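J.: Below is one structure. I have some questions about it.
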Amino acid sequence: MRNALELSYLVPLFPLIGFLIIGLGRRYLSKPLTGVIGNGVILLSFLMSIWIFFQVKEGNSGVVDYFNFISAGSLKIPFSLQIDALSSLFLLIITGVGFLIHVYSASYMHHESKEHFARYFSYLNLFVFSMLLLVMGGNFVILFIGWEGVGLCSYLLIGYWFKNTEYNYAARKAFVMNRIGDLAFLIAIFMIIAKVGSVDFSAVFSAEGLQKLSPSVTLITLLLFIGATGKSAQIPLYTWLPDAMAGPTPVSALIHAATMVTAGIYMIARSNVLYSLSEVTSNIVAYIGLGTALLAATIALKQNDIKKVLAYSTVSQLGYMFLALGVGAYTAAVFHVMTHAFFKALLFLGSGSVIHAMGGEQDIRNMGGLSKKLKWTFFTFTIGCIAIAGIPPFSGFFSKDAILLSAFEKNPVMYAIALFTALLTAFYMFRLLFVTFTGKFRGTHEQAHHLHESPALMTIPLIILAVLSIVGGFVNIPVVFIKDGESLTEFLSPVIAKHGGHEVSHSTEYLLMGLSTVLIVGTIVFAWFRFKNFQPREEKGLGKVLENKWYVDELYEKVIVAPLNRFAGFLNDIFERYIIDGVVNGVGRAVNYGSRQLRLLQSGQVGSYVLLMVLSILVLLLYQFFIRK
Amino acid sequence: MPINYYIYLSVALFCIGIVGVLTRRNAIIIFMCIELMLNAVNILLVAFSKMHHFKNAAVNASAGTDGQLFVFFIMVVAAAEVSVGLAIIVMMYRNIHSVDINFLNRLKH
């Protein structure tokens, strides 16, 4: 019998078919039909993913080659899908959370016209297809195709409301920033091809491949990491993610919380063998991650747009994941990807529900007291906040604790900063919660009248995600609590080598957990007293700096964008006009002038022709006799 | 007789031909000068072939005959050329009543 895994090509195929049907038939399909197809294909993918997951759990994993994608000389790049613990876990997250977001979207986007509704769903399906290709690819090139695909789809979806110029700028910014990272990634792939002669994961990560790579492993891993900073929004390429909130809210949930931004994490976790070879890169990854986590958390403290707060919180949580990758806790990073996908999708969809109820209002200063009207949203949003803050036994606690513990083993200072960031996280999330849902309503009278709970199609995904946010952490419960804990680590061990148990004693571990929990609860109480009766006021000093995001965008504008624009202006006005045009016109003028001079030779005087002929023959003869000998 | 004298004669005739072609304007004289050049070459060919024959006759009875043969070809070509050329000159004379080639510069337009 052929390998059952050969069927795994169906997982990305379903969304692709959905994309084609909806995309091509967008003028003819009715809205309900579009919704059913768009959701159905993802559901089929999800069912396939579950099947694959159980196949992998039974030990049936491997690489499936379909056909030769590129064949040039000795270089062969097959179109292959890699089915193993890591990719099957990501498949579940992408299709599972993706399906819930699709269901939610069908209700959230119902006021769009038929054609745009279909356009939206076709983009979503294409996005899921690219993301699936990314995590299933059996070599760096297939991964890169998916990588570019998600970049394209995020561009399309951020600029979904293309009539708004601001949104188009945001889409363009996301695309360009991603491109910067993609370039580094592409160079890394070329270097791998040059060194190893193959891009298959199995060949690159084999002992032989690693030996060939080892002289330049630091450079390659750094380039890969730059690629990851672009896609996963780390310093210095993070500024696109908050702007990407221009897209519809479910898009923010799908792309910028649950799936796309985890591509960088996935890629590094996939190449963990390379990263463990390079001490330097690992340290850089850890510090960049820590820096991003702290920076984004401080910015999130003072944001007033409900989605911007969540966006910066995403950046901050991604920083955590990179910190985990940098200190070698790859499993913890993947674990946090999973729990983060649950609660961040929940929070984004919850904020979508709020925005829906407020009739498009996103500024939390104009909200307040929504808990009375939006009961389910409030309830699930609270669960999301508790999960992200990291209070046991919610999922965020376990994953964040695993990261904190690994950081503590590496360096207590790192641990302290990470813990401080966790407190900031708790503070800004509960600020968001209290300002939005408690106190008095501060919006207009019209909005107060319009307030309503979202339909069931929107609240049911919220409830499912809330349940997942609560129980999601138990898949990798630390061994200090249960004897047979850490089943995720066990599951991932074929891909990510286990590095033995934790070095710290159980009592230290309990102490750290207790410390973080007490501090976080204290922060939440502090936030409650501070924001239960929130009144908007002008920010001053540091608050103003934070509200303006440390002026990083302005800095980039001044340091990079403005000089580039000036350079482009110089090229346009001076170089183009005088040098390029000068060369082109000069060639024309030279030919013109030359031919006018040459025309004089054609006098029509036979005698002069003959004279010229004789002279030429003489010259040839002289050349023959005296110069060439 | 040494070969040098033949060469001198031939070169002299050839140069007279060239100078004639370059300087004269009468088409018929130019034609005669071209004939002169061709015949200068003929003299050279015959002279060399004779020299060649005497050197190699013992080995090869037909040595040097190809040079003489070539002369006949040149004569034939020259005759053909003259017949065409004279026809052109006659046509030219009918059209412009002159055989001065300086009037023949309309090709440049």
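The chains in the structure tokens are called A, B, ... from first to last as shown; in each chain the residues are counted from 1, and the ligands are counted from 1 in the order shown.
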Looking only at the backbone, which of the residues in chain B does DSSP tag as alpha helix (DSSP H), as a VMD selection string?

T.: chain B and resid 3 to 23 27 to 56 65 to 96

J.: How close does chain A get to chain B? List, as a tab-separated table, each residue of chain A within 8 Å, its nearest atom pair and the distance in Å to one decimal, counting only C-alpha atoms.

T.:
```
residue	atom	partner	partner_atom	distance
A:Gln602	CA	B:Lys108	CA	6.2
A:Ser603	CA	B:Lys108	CA	6.3
A:Gly604	CA	B:Asn105	CA	4.1
A:Gln605	CA	B:Asn105	CA	5.5
A:Val606	CA	B:Ile101	CA	7.2
A:Gly607	CA	B:Leu22	CA	5.3
A:Ser608	CA	B:Leu22	CA	7.5
A:Val610	CA	B:Leu22	CA	6.7
A:Leu611	CA	B:Leu22	CA	6.2
```

J.: Neighbours of range 62-75 of chain A within 7 Å (only C-alpha atoms; same-chain residues fewer than 3 positions away dropped), as a PyMOL selection string?

T.: chain A and resi 6+78-84+138+197-198

J.: Do you know which residues are at most 10 Å from range 83-92 of chain B counting only C-alpha atoms, after dropping those on the same chain fewer than 6 positions away, and could you put them as a ChimeraX atom specification?

T.: /B:27-28,31,77,98-101,103-104

J.: I need the residue nearest Phe73 in chain B from this list: B:Leu45, B:Asn60, B:His97, B:Lys55. Use only C-alpha atoms for the distance.

T.: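 Nearest to Phe73 in chain B: B:Leu45.
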
J.: Could you tell me how far CA of Leu132 in chain A lies from CA of Pro12 in chain A, in Å and to one decimal?

T.: 5.7 Å
